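**Student:** Just one file: protein_1.cif, with mmCIF, C-alpha atoms.
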data_query
#
loop_
_atom_site.group_PDB
_atom_site.id
_atom_site.type_symbol
_atom_site.label_atom_id
_atom_site.label_comp_id
_atom_site.auth_asym_id
_atom_site.auth_seq_id
_atom_site.Cartn_x
_atom_site.Cartn_y
_atom_site.Cartn_z
ATOM 1 C CA MET B 1 8.513 -1.992 13.283
ATOM 2 C CA ASP B 2 6.230 -4.762 14.502
ATOM 3 C CA TYR B 3 6.714 -7.571 12.066
ATOM 4 C CA VAL B 4 8.101 -11.089 11.976
ATOM 5 C CA VAL B 5 9.287 -12.978 8.913
ATOM 6 C CA TYR B 6 9.300 -16.746 9.369
ATOM 7 C CA LEU B 7 11.507 -18.480 6.817
ATOM 8 C CA GLU B 8 11.510 -22.187 6.008
ATOM 9 C CA PRO B 9 14.513 -22.536 3.701
ATOM 10 C CA SER B 10 14.569 -25.336 1.161
ATOM 11 C CA ASP B 11 16.466 -26.045 -2.042
ATOM 12 C CA LYS B 12 13.105 -26.686 -3.718
ATOM 13 C CA ILE B 13 10.247 -24.574 -2.325
ATOM 14 C CA MET B 14 11.023 -22.025 0.364
ATOM 15 C CA MET B 15 8.246 -20.677 2.543
ATOM 16 C CA ALA B 16 8.268 -17.107 3.817
ATOM 17 C CA ARG B 17 5.487 -16.144 6.186
ATOM 18 C CA VAL B 18 5.249 -12.434 6.912
ATOM 19 C CA GLU B 19 3.376 -11.535 10.074
ATOM 20 C CA LEU B 20 2.249 -7.939 10.240
ATOM 21 C CA LYS B 21 -0.956 -5.979 9.747
ATOM 22 C CA ARG B 22 0.238 -3.145 7.554
ATOM 23 C CA LEU B 23 2.749 -3.678 4.763
ATOM 24 C CA THR B 24 3.759 -0.108 4.082
ATOM 25 C CA ALA B 25 6.547 2.205 2.968
ATOM 26 C CA ASP B 26 8.369 2.128 6.301
ATOM 27 C CA VAL B 27 8.927 -1.652 6.368
ATOM 28 C CA ALA B 28 8.321 -3.119 2.905
ATOM 29 C CA HIS B 29 11.846 -2.733 1.531
ATOM 30 C CA GLN B 30 13.453 -4.349 4.569
ATOM 31 C CA ILE B 31 11.030 -7.280 4.640
ATOM 32 C CA PHE B 32 11.382 -8.133 0.969
ATOM 33 C CA ALA B 33 15.173 -7.695 1.115
ATOM 34 C CA GLU B 34 15.301 -10.286 3.930
ATOM 35 C CA ILE B 35 13.202 -12.687 1.883
ATOM 36 C CA LEU B 36 15.245 -12.124 -1.277
ATOM 37 C CA GLN B 37 18.497 -12.800 0.534
ATOM 38 C CA ALA B 38 17.157 -16.014 2.079
ATOM 39 C CA ALA B 39 15.740 -17.253 -1.224
ATOM 40 C CA SER B 40 18.988 -17.200 -3.161
ATOM 41 C CA SER B 41 19.410 -20.986 -3.330
ATOM 42 C CA THR B 42 15.844 -22.170 -3.768
ATOM 43 C CA GLN B 43 13.899 -23.114 -6.898
ATOM 44 C CA ALA B 44 10.629 -21.607 -5.799
ATOM 45 C CA LEU B 45 9.255 -19.316 -3.149
ATOM 46 C CA ALA B 46 5.817 -19.006 -1.539
ATOM 47 C CA ILE B 47 5.275 -15.761 0.361
ATOM 48 C CA ASP B 48 2.375 -15.900 2.807
ATOM 49 C CA LEU B 49 0.820 -12.460 3.357
ATOM 50 C CA ALA B 50 -2.382 -13.690 5.018
ATOM 51 C CA THR B 51 -2.031 -11.463 8.092
ATOM 52 C CA VAL B 52 -1.699 -8.264 6.064
ATOM 53 C CA ASP B 53 -4.741 -5.953 6.253
ATOM 54 C CA PHE B 54 -3.306 -2.946 4.462
ATOM 55 C CA MET B 55 -0.763 -2.267 1.714
ATOM 56 C CA ASP B 56 0.305 1.027 0.209
ATOM 57 C CA SER B 57 1.677 1.675 -3.246
ATOM 58 C CA THR B 58 5.268 1.720 -2.004
ATOM 59 C CA ALA B 59 4.862 -1.837 -0.747
ATOM 60 C CA ILE B 60 3.346 -2.799 -4.085
ATOM 61 C CA GLY B 61 6.360 -1.295 -5.852
ATOM 62 C CA GLU B 62 8.685 -3.252 -3.570
ATOM 63 C CA LEU B 63 6.719 -6.433 -4.319
ATOM 64 C CA VAL B 64 7.123 -5.797 -8.052
ATOM 65 C CA PHE B 65 10.864 -5.222 -7.530
ATOM 66 C CA LEU B 66 11.145 -8.493 -5.578
ATOM 67 C CA GLY B 67 9.281 -10.322 -8.333
ATOM 68 C CA LYS B 68 11.699 -9.028 -10.972
ATOM 69 C CA LYS B 69 14.740 -10.007 -8.899
ATOM 70 C CA LEU B 70 13.366 -13.511 -8.353
ATOM 71 C CA ARG B 71 12.498 -13.923 -12.017
ATOM 72 C CA ASN B 72 15.964 -12.791 -13.046
ATOM 73 C CA GLY B 73 17.407 -15.334 -10.628
ATOM 74 C CA GLY B 74 15.283 -18.109 -12.096
ATOM 75 C CA ILE B 75 13.148 -18.446 -8.955
ATOM 76 C CA THR B 76 9.423 -19.069 -9.364
ATOM 77 C CA CYS B 77 7.281 -17.220 -6.823
ATOM 78 C CA THR B 78 3.714 -17.132 -5.611
ATOM 79 C CA ILE B 79 2.099 -14.628 -3.259
ATOM 80 C CA ALA B 80 -0.365 -16.416 -1.018
ATOM 81 C CA GLY B 81 -3.293 -15.468 1.155
ATOM 82 C CA LEU B 82 -3.924 -11.836 0.268
ATOM 83 C CA LYS B 83 -7.261 -10.663 1.635
ATOM 84 C CA PRO B 84 -10.030 -9.948 -0.917
ATOM 85 C CA HIS B 85 -9.781 -6.141 -0.716
ATOM 86 C CA LEU B 86 -6.024 -6.343 -1.307
ATOM 87 C CA MET B 87 -6.582 -8.690 -4.238
ATOM 88 C CA GLY B 88 -8.859 -5.956 -5.567
ATOM 89 C CA LEU B 89 -5.922 -3.570 -5.419
ATOM 90 C CA VAL B 90 -3.712 -6.181 -7.122
ATOM 91 C CA ARG B 91 -6.235 -6.559 -9.939
ATOM 92 C CA MET B 92 -6.611 -2.805 -10.315
ATOM 93 C CA MET B 93 -2.824 -2.623 -10.736
ATOM 94 C CA ARG B 94 -2.880 -5.591 -13.166
ATOM 95 C CA LEU B 95 -0.218 -7.293 -11.074
ATOM 96 C CA GLU B 96 -1.717 -10.666 -11.912
ATOM 97 C CA THR B 97 -0.271 -10.244 -15.397
ATOM 98 C CA ILE B 98 3.291 -10.280 -14.055
ATOM 99 C CA MET B 99 3.097 -12.208 -10.757
ATOM 100 C CA HIS B 100 1.352 -15.305 -9.487
ATOM 101 C CA PHE B 101 -1.131 -15.071 -6.630
ATOM 102 C CA SER B 102 -2.763 -17.949 -4.807
ATOM 103 C CA GLU B 103 -5.645 -18.163 -2.386
ATOM 104 C CA ASP B 104 -3.560 -19.614 0.444
ATOM 105 C CA THR B 105 -0.195 -21.217 1.071
ATOM 106 C CA ASP B 106 -1.376 -24.778 0.384
ATOM 107 C CA ALA B 107 -2.797 -23.773 -2.978
ATOM 108 C CA GLY B 108 0.355 -21.796 -3.720
ATOM 109 C CA ILE B 109 2.666 -24.713 -2.954
ATOM 110 C CA LYS B 110 0.518 -27.113 -4.993
ATOM 111 C CA GLY B 111 0.702 -24.697 -7.903
ATOM 112 C CA LEU B 112 4.482 -24.464 -7.612
ATOM 113 C CA VAL B 113 4.815 -28.273 -7.385
ATOM 114 C CA ASN B 114 2.740 -28.718 -10.530
ATOM 115 C CA LYS B 115 4.532 -25.978 -12.420
ATOM 116 C CA LEU B 116 8.038 -27.142 -11.551
ATOM 117 C CA LYS B 117 7.158 -30.855 -11.526
ATOM 118 C CA ILE B 118 8.865 -31.454 -8.208
ATOM 119 C CA GLU B 119 7.861 -33.375 -5.090
ATOM 120 C CA MET B 120 5.592 -31.864 -2.476
ATOM 121 C CA PRO B 121 7.608 -30.596 0.495
ATOM 122 C CA ASN B 122 7.558 -33.030 3.449
ATOM 123 C CA SER B 123 6.045 -35.779 1.275
ATOM 124 C CA MET U 124 -20.341 25.893 9.298
ATOM 125 C CA ASN U 125 -23.390 23.702 9.874
ATOM 126 C CA SER U 126 -23.690 22.265 13.389
ATOM 127 C CA ASP U 127 -23.690 18.760 11.864
ATOM 128 C CA ASP U 128 -20.355 19.347 10.155
ATOM 129 C CA LYS U 129 -17.365 17.581 11.688
ATOM 130 C CA THR U 130 -13.680 18.436 11.553
ATOM 131 C CA LEU U 131 -10.567 16.860 13.013
ATOM 132 C CA MET U 132 -6.986 18.106 12.705
ATOM 133 C CA LEU U 133 -4.015 15.757 13.005
ATOM 134 C CA GLU U 134 -0.328 16.572 12.919
ATOM 135 C CA ILE U 135 2.506 14.081 12.568
ATOM 136 C CA ASP U 136 6.231 14.306 12.176
ATOM 137 C CA SER U 137 7.503 13.594 8.668
ATOM 138 C CA ARG U 138 8.322 9.942 9.377
ATOM 139 C CA LEU U 139 6.934 7.036 7.392
ATOM 140 C CA ASP U 140 6.424 5.017 10.570
ATOM 141 C CA CYS U 141 3.892 7.640 11.707
ATOM 142 C CA VAL U 142 1.695 7.318 8.625
ATOM 143 C CA ALA U 143 -0.167 4.222 9.817
ATOM 144 C CA LEU U 144 -1.595 6.251 12.713
ATOM 145 C CA VAL U 145 -3.158 8.622 10.222
ATOM 146 C CA GLY U 146 -4.583 5.802 8.115
ATOM 147 C CA ILE U 147 -6.101 4.036 11.117
ATOM 148 C CA SER U 148 -7.673 7.282 12.368
ATOM 149 C CA ILE U 149 -9.108 8.247 8.996
ATOM 150 C CA ARG U 150 -10.608 4.794 8.452
ATOM 151 C CA ALA U 151 -12.215 4.824 11.915
ATOM 152 C CA LEU U 152 -13.691 8.279 11.343
ATOM 153 C CA CYS U 153 -15.091 7.286 7.962
ATOM 154 C CA LEU U 154 -16.754 4.186 9.402
ATOM 155 C CA GLU U 155 -18.115 6.112 12.384
ATOM 156 C CA TYR U 156 -19.787 8.657 10.125
ATOM 157 C CA GLY U 157 -21.515 6.357 7.670
ATOM 158 C CA ALA U 158 -19.012 5.198 5.102
ATOM 159 C CA ASP U 159 -19.133 1.525 4.137
ATOM 160 C CA GLU U 160 -16.058 -0.698 4.573
ATOM 161 C CA MET U 161 -14.894 -0.337 0.981
ATOM 162 C CA THR U 162 -15.248 3.444 0.964
ATOM 163 C CA ALA U 163 -13.404 3.693 4.285
ATOM 164 C CA TYR U 164 -10.613 1.483 2.921
ATOM 165 C CA GLN U 165 -10.337 3.559 -0.234
ATOM 166 C CA VAL U 166 -10.195 6.822 1.717
ATOM 167 C CA GLN U 167 -7.633 5.335 4.130
ATOM 168 C CA THR U 168 -5.434 4.168 1.250
ATOM 169 C CA SER U 169 -5.691 7.480 -0.610
ATOM 170 C CA THR U 170 -4.831 9.429 2.543
ATOM 171 C CA VAL U 171 -1.828 7.213 3.256
ATOM 172 C CA GLU U 172 -0.637 7.748 -0.324
ATOM 173 C CA ALA U 173 -0.966 11.511 0.068
ATOM 174 C CA VAL U 174 0.943 11.560 3.358
ATOM 175 C CA ASN U 175 3.628 9.197 1.998
ATOM 176 C CA ASN U 176 4.112 11.519 -0.975
ATOM 177 C CA THR U 177 4.495 14.497 1.336
ATOM 178 C CA ILE U 178 7.155 12.781 3.444
ATOM 179 C CA ILE U 179 9.050 11.185 0.556
ATOM 180 C CA HIS U 180 8.885 14.031 -1.971
ATOM 181 C CA ALA U 181 8.125 17.319 -0.194
ATOM 182 C CA TYR U 182 10.446 16.532 2.728
ATOM 183 C CA SER U 183 12.863 14.165 0.917
ATOM 184 C CA ASN U 184 12.205 11.521 3.562
ATOM 185 C CA GLN U 185 13.708 13.706 6.298
ATOM 186 C CA SER U 186 12.117 13.635 9.733
ATOM 187 C CA GLY U 187 11.527 16.727 11.870
ATOM 188 C CA HIS U 188 8.993 18.463 9.653
ATOM 189 C CA PRO U 189 5.261 18.841 10.227
ATOM 190 C CA VAL U 190 2.575 17.148 8.142
ATOM 191 C CA TRP U 191 -0.967 18.335 8.801
ATOM 192 C CA ILE U 192 -4.032 16.258 8.014
ATOM 193 C CA ARG U 193 -7.460 17.835 8.211
ATOM 194 C CA TRP U 194 -10.449 15.493 8.014
ATOM 195 C CA SER U 195 -13.875 17.031 7.578
ATOM 196 C CA LEU U 196 -17.378 15.902 6.802
ATOM 197 C CA ALA U 197 -20.093 18.189 5.515
ATOM 198 C CA ASP U 198 -23.246 17.271 3.618
ATOM 199 C CA LYS U 199 -22.099 13.638 3.305
ATOM 200 C CA ARG U 200 -18.896 14.766 1.615
ATOM 201 C CA LEU U 201 -15.573 13.785 3.101
ATOM 202 C CA THR U 202 -12.657 16.109 2.569
ATOM 203 C CA ILE U 203 -9.107 15.306 3.598
ATOM 204 C CA GLN U 204 -6.457 17.990 3.310
ATOM 205 C CA VAL U 205 -2.802 16.984 3.588
ATOM 206 C CA SER U 206 -0.489 19.968 4.007
ATOM 207 C CA ASP U 207 3.249 20.512 4.278
ATOM 208 C CA GLU U 208 5.839 23.257 4.090
ATOM 209 C CA GLY U 209 8.305 21.295 1.986
ATOM 210 C CA MET U 210 9.178 21.338 -1.683
ATOM 211 C CA THR U 211 6.331 22.238 -4.007
ATOM 212 C CA MET U 212 5.365 19.932 -6.845
ATOM 213 C CA ARG U 213 5.921 21.831 -10.085
ATOM 214 C CA GLN U 214 3.913 19.420 -12.163
ATOM 215 C CA LEU U 215 1.337 16.801 -11.266
ATOM 216 C CA PRO U 216 1.965 13.234 -12.416
ATOM 217 C CA PRO U 217 0.103 12.383 -15.642
ATOM 218 C CA ASP U 218 -3.266 10.751 -15.180
ATOM 219 C CA ILE U 219 -2.333 7.469 -16.821
ATOM 220 C CA GLU U 220 -2.535 3.923 -15.573
ATOM 221 C CA PRO U 221 0.887 2.717 -14.422
ATOM 222 C CA GLU U 222 2.370 -0.306 -16.155
ATOM 223 C CA PRO U 223 2.044 -3.500 -14.084
ATOM 224 C CA ASP U 224 5.830 -3.801 -13.746
ATOM 225 C CA ALA U 225 6.340 -0.189 -12.608
ATOM 226 C CA GLU U 226 8.184 -0.015 -9.299
ATOM 227 C CA SER U 227 6.764 3.396 -8.372
ATOM 228 C CA GLY U 228 4.287 6.022 -9.528
ATOM 229 C CA ARG U 229 1.059 4.410 -8.328
ATOM 230 C CA GLY U 230 0.104 6.786 -5.514
ATOM 231 C CA TRP U 231 -1.535 9.539 -7.539
ATOM 232 C CA TRP U 232 -3.268 7.009 -9.729
ATOM 233 C CA ILE U 233 -4.819 5.306 -6.696
ATOM 234 C CA MET U 234 -5.974 8.669 -5.311
ATOM 235 C CA ARG U 235 -7.537 9.635 -8.636
ATOM 236 C CA GLN U 236 -9.240 6.252 -8.999
ATOM 237 C CA TRP U 237 -10.685 6.072 -5.509
ATOM 238 C CA MET U 238 -11.486 9.672 -4.621
ATOM 239 C CA ASP U 239 -13.974 11.916 -6.398
ATOM 240 C CA SER U 240 -11.269 14.549 -6.728
ATOM 241 C CA ALA U 241 -7.613 15.130 -5.854
ATOM 242 C CA GLU U 242 -6.466 18.735 -6.153
ATOM 243 C CA TYR U 243 -3.062 20.144 -5.330
ATOM 244 C CA MET U 244 -2.481 23.774 -4.442
ATOM 245 C CA THR U 245 0.196 25.911 -2.867
ATOM 246 C CA ASP U 246 -0.107 29.181 -0.985
ATOM 247 C CA SER U 247 2.494 31.172 0.956
ATOM 248 C CA GLY U 248 4.890 28.250 1.213
ATOM 249 C CA ARG U 249 2.292 25.725 2.274
ATOM 250 C CA ASN U 250 1.362 22.915 -0.114
ATOM 251 C CA THR U 251 -1.995 21.215 0.260
ATOM 252 C CA LEU U 252 -3.488 18.199 -1.424
ATOM 253 C CA VAL U 253 -7.272 18.144 -1.104
ATOM 254 C CA LEU U 254 -8.968 14.777 -1.444
ATOM 255 C CA SER U 255 -12.732 14.636 -1.637
ATOM 256 C CA LYS U 256 -15.284 11.863 -1.752
ATOM 257 C CA SER U 257 -19.019 11.546 -1.222
ATOM 258 C CA ILE U 258 -19.767 8.865 1.339
ATOM 259 C CA SER U 259 -23.071 8.134 -0.343
ATOM 260 C CA ASN U 260 -21.021 6.763 -3.253
ATOM 261 C CA LYS U 261 -20.992 2.999 -3.497
ATOM 262 C CA HIS U 262 -17.435 2.137 -4.494
#
Would you write the structure of this file as structure tokens?
**Tutor:**
Amino acid sequence: MDYVVYLEPSDKIMMARVELKRLTADVAHQIFAEILQAASSTQALAIDLATVDFMDSTAIGELVFLGKKLRNGGITCTIAGLKPHLMGLVRMMRLETIMHFSEDTDAGIKGLVNKLKIEMPNS
Amino acid sequence: MNSDDKTLMLEIDSRLDCVALVGISIRALCLEYGADEMTAYQVQTSTVEAVNNTIIHAYSNQSGHPVWIRWSLADKRLTIQVSDEGMTMRQLPPDIEPEPDAESGRGWWIMRQWMDSAEYMTDSGRNTLVLSKSISNKH
């Protein structure tokens, strides 16, 4: 499994940057479980998936599961940096109706700051 | 078979970490033989969904079983056959759009949306899903 998850824990907005090309059935559960565990004490979470070129439906299901867990835990989340063809898949699945997606991490964090009315990280 | 027709057979073990190899190969073949980027992506995704289903459902996610993938191109029509000798599907999933908050059940819907046809058949203990798409189609 060739992936790296970089976590920047924070009690306000936690960053999770996932580095891999293909987010698929063999790795998706493990990656999102790592992120979920690390996010337990944050208010908000930005997940950067900018390096991902390919996602299958199992990974999408795992993303939906993660979103539900975060929502139930009162954690606001944004998925940042998905490539245009993957955003097409997201729209086809109507995931935008249940999850927040942002163009990149900066836009995602700004959106979270505005929504939660908290200070920008590192400001 | 016309001399311009092309066929490639692949075989992998029933392990999810092998599926990416299939997807990469199928995408490259599609691009090489005239499909545009979006068509190649759609065929790659549909093939990965078919192979995932075989491993997860037909073989209950157990390794050590063969999955065969046959890619062919004839008259600008791509056909991908995914075959196994595992459990046979008794009933195909309904052709309805999954709810946005569904945690599973999207694979067949993607295949039906992005391929011209997706047909499942079984013969003498071998199950085969046949995916077909014209590469002259634009999305």
**Student:** Could you make a table, as JSON lines, of the residues of chain U that have an atom within 12 Å of an atom of chain B, each with its nearest atom pair and distance in Å to one decimal, counting all atoms listed in the file, in chain and number order?
**Tutor:**
{"residue": "U:Ser137", "atom": "CA", "partner": "B:Asp26", "partner_atom": "CA", "distance": 11.7}
{"residue": "U:Arg138", "atom": "CA", "partner": "B:Asp26", "partner_atom": "CA", "distance": 8.4}
{"residue": "U:Leu139", "atom": "CA", "partner": "B:Asp26", "partner_atom": "CA", "distance": 5.2}
{"residue": "U:Asp140", "atom": "CA", "partner": "B:Asp26", "partner_atom": "CA", "distance": 5.5}
{"residue": "U:Cys141", "atom": "CA", "partner": "B:Asp26", "partner_atom": "CA", "distance": 8.9}
{"residue": "U:Val142", "atom": "CA", "partner": "B:Asp26", "partner_atom": "CA", "distance": 8.8}
{"residue": "U:Ala143", "atom": "CA", "partner": "B:Arg22", "partner_atom": "CA", "distance": 7.7}
{"residue": "U:Leu144", "atom": "CA", "partner": "B:Arg22", "partner_atom": "CA", "distance": 10.9}
{"residue": "U:Gly146", "atom": "CA", "partner": "B:Phe54", "partner_atom": "CA", "distance": 9.6}
{"residue": "U:Ile147", "atom": "CA", "partner": "B:Phe54", "partner_atom": "CA", "distance": 10.0}
{"residue": "U:Arg150", "atom": "CA", "partner": "B:Phe54", "partner_atom": "CA", "distance": 11.4}
{"residue": "U:Glu160", "atom": "CA", "partner": "B:His85", "partner_atom": "CA", "distance": 9.8}
{"residue": "U:Met161", "atom": "CA", "partner": "B:His85", "partner_atom": "CA", "distance": 7.9}
{"residue": "U:Thr162", "atom": "CA", "partner": "B:His85", "partner_atom": "CA", "distance": 11.2}
{"residue": "U:Ala163", "atom": "CA", "partner": "B:His85", "partner_atom": "CA", "distance": 11.6}
{"residue": "U:Tyr164", "atom": "CA", "partner": "B:His85", "partner_atom": "CA", "distance": 8.5}
{"residue": "U:Gln165", "atom": "CA", "partner": "B:His85", "partner_atom": "CA", "distance": 9.7}
{"residue": "U:Gln167", "atom": "CA", "partner": "B:Phe54", "partner_atom": "CA", "distance": 9.3}
{"residue": "U:Thr168", "atom": "CA", "partner": "B:Asp56", "partner_atom": "CA", "distance": 6.6}
{"residue": "U:Ser169", "atom": "CA", "partner": "B:Asp56", "partner_atom": "CA", "distance": 8.8}
{"residue": "U:Thr170", "atom": "CA", "partner": "B:Asp56", "partner_atom": "CA", "distance": 10.1}
{"residue": "U:Val171", "atom": "CA", "partner": "B:Asp56", "partner_atom": "CA", "distance": 7.2}
{"residue": "U:Glu172", "atom": "CA", "partner": "B:Asp56", "partner_atom": "CA", "distance": 6.8}
{"residue": "U:Ala173", "atom": "CA", "partner": "B:Asp56", "partner_atom": "CA", "distance": 10.6}
{"residue": "U:Val174", "atom": "CA", "partner": "B:Ala25", "partner_atom": "CA", "distance": 10.9}
{"residue": "U:Asn175", "atom": "CA", "partner": "B:Ala25", "partner_atom": "CA", "distance": 7.6}
{"residue": "U:Asn176", "atom": "CA", "partner": "B:Thr58", "partner_atom": "CA", "distance": 9.9}
{"residue": "U:Ile178", "atom": "CA", "partner": "B:Ala25", "partner_atom": "CA", "distance": 10.6}
{"residue": "U:Ile179", "atom": "CA", "partner": "B:Ala25", "partner_atom": "CA", "distance": 9.6}
{"residue": "U:Asn184", "atom": "CA", "partner": "B:Asp26", "partner_atom": "CA", "distance": 10.5}
{"residue": "U:Ile219", "atom": "CA", "partner": "B:Met93", "partner_atom": "CA", "distance": 11.8}
{"residue": "U:Glu220", "atom": "CA", "partner": "B:Met93", "partner_atom": "CA", "distance": 8.1}
{"residue": "U:Pro221", "atom": "CA", "partner": "B:Met93", "partner_atom": "CA", "distance": 7.5}
{"residue": "U:Glu222", "atom": "CA", "partner": "B:Met93", "partner_atom": "CA", "distance": 7.9}
{"residue": "U:Pro223", "atom": "CA", "partner": "B:Leu95", "partner_atom": "CA", "distance": 5.3}
{"residue": "U:Asp224", "atom": "CA", "partner": "B:Val64", "partner_atom": "CA", "distance": 6.2}
{"residue": "U:Ala225", "atom": "CA", "partner": "B:Gly61", "partner_atom": "CA", "distance": 6.8}
{"residue": "U:Glu226", "atom": "CA", "partner": "B:Gly61", "partner_atom": "CA", "distance": 4.1}
{"residue": "U:Ser227", "atom": "CA", "partner": "B:Gly61", "partner_atom": "CA", "distance": 5.3}
{"residue": "U:Gly228", "atom": "CA", "partner": "B:Ser57", "partner_atom": "CA", "distance": 8.1}
{"residue": "U:Arg229", "atom": "CA", "partner": "B:Ser57", "partner_atom": "CA", "distance": 5.8}
{"residue": "U:Gly230", "atom": "CA", "partner": "B:Ser57", "partner_atom": "CA", "distance": 5.8}
{"residue": "U:Trp231", "atom": "CA", "partner": "B:Ser57", "partner_atom": "CA", "distance": 9.5}
{"residue": "U:Trp232", "atom": "CA", "partner": "B:Met93", "partner_atom": "CA", "distance": 9.7}
{"residue": "U:Ile233", "atom": "CA", "partner": "B:Ser57", "partner_atom": "CA", "distance": 8.2}
{"residue": "U:Met234", "atom": "CA", "partner": "B:Ser57", "partner_atom": "CA", "distance": 10.6}
{"residue": "U:Gln236", "atom": "CA", "partner": "B:Met92", "partner_atom": "CA", "distance": 9.5}
{"residue": "U:Trp237", "atom": "CA", "partner": "B:Leu89", "partner_atom": "CA", "distance": 10.8}
{"residue": "U:His262", "atom": "CA", "partner": "B:Gly88", "partner_atom": "CA", "distance": 11.8}
**Student:** Please identify all polymer residues within 9 Å of Leu201 of chain U, counting only C-alpha atoms, omitting same-chain residues fewer than 5 positions from it, and present them as a ChimeraX atom specification.
**Tutor:** /U:153,166,194-196,254-258
**Student:** Quick one: which residues end up in the PyMOL selection byres ((chain U and resi 259) around 9) for this structure, as a list in words?
**Tutor:** Gly157, Ala158, Asp159, Lys199, Arg200, Lys256, Ser257, Ile258, Asn260 and Lys261 of chain U
**Student:** What does the distance from atom CA of Val5 of chain B to atom CA of Glu19 of chain B come to in Å, to one decimal?
**Tutor:** 6.2 Å
**Student:** Write out as an NGL selection string each polymer residue whose atoms come within 9 Å of segment 35-38 of chain B, counting all atoms listed in the file; drop sequence neighbours fewer than 4 positions from it.
**Tutor:** :B and (5 or 7 or 9 or 14 or 16 or 30-31 or 42 or 47 or 66 or 69-70)
**Student:** Could you expand the PyMOL selection byres ((chain B and resi 111) around 12) into the explicit residues it covers here, written as a list in words?
**Tutor:** Ile13, Ala44, Leu45, Ala46, Thr76, Cys77, Thr78, Ile79, Ala80, His100, Phe101, Ser102, Glu103, Asp104, Thr105, Asp106, Ala107, Gly108, Ile109, Lys110, Leu112, Val113, Asn114, Lys115, Leu116, Lys117, Ile118, Glu119 and Met120 of chain B
**Student:** Please report the interatomic distance between atom CA of Leu20 of chain B and atom CA of Val4 of chain B in Å with one decimal.
**Tutor:**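 If I compute the distance from atom CA of Leu20 of chain B to atom CA of Val4 of chain B, I get 6.9 Å.
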**Student:** How many Å lie between atom CA of Ala39 of chain B and atom CA of Asn72 of chain B, rounded to one decimal?
**Tutor:**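 About the pair atom CA of Ala39 of chain B and atom CA of Asn72 of chain B: they are 12.6 Å apart.
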**Student:** Exactly which residues make up the result of the PyMOL selection byres ((chain U and resi 239-253) around 6) on this file, given as an mmCIF file with C-alpha atoms, in the frame of the given file?
**Tutor:**
data_model
loop_
_atom_site.group_PDB
_atom_site.id
_atom_site.type_symbol
_atom_site.label_atom_id
_atom_site.label_comp_id
_atom_site.auth_asym_id
_atom_site.auth_seq_id
_atom_site.Cartn_x
_atom_site.Cartn_y
_atom_site.Cartn_z
ATOM 1 C CA ILE U 203 -9.107 15.306 3.598
ATOM 2 C CA GLN U 204 -6.457 17.990 3.310
ATOM 3 C CA VAL U 205 -2.802 16.984 3.588
ATOM 4 C CA SER U 206 -0.489 19.968 4.007
ATOM 5 C CA ASP U 207 3.249 20.512 4.278
ATOM 6 C CA GLU U 208 5.839 23.257 4.090
ATOM 7 C CA MET U 238 -11.486 9.672 -4.621
ATOM 8 C CA LEU U 254 -8.968 14.777 -1.444
ATOM 9 C CA SER U 255 -12.732 14.636 -1.637
ATOM 10 C CA LYS U 256 -15.284 11.863 -1.752
#
**Student:** Which residue out of U:Arg235, U:Pro217, U:Ala151, U:Leu131 has the minimum interatomic distance to Trp191 of chain U when only C-alpha atoms are used?
**Tutor:**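 That would be U:Leu131, the residue with the smallest distance to Trp191 of chain U.
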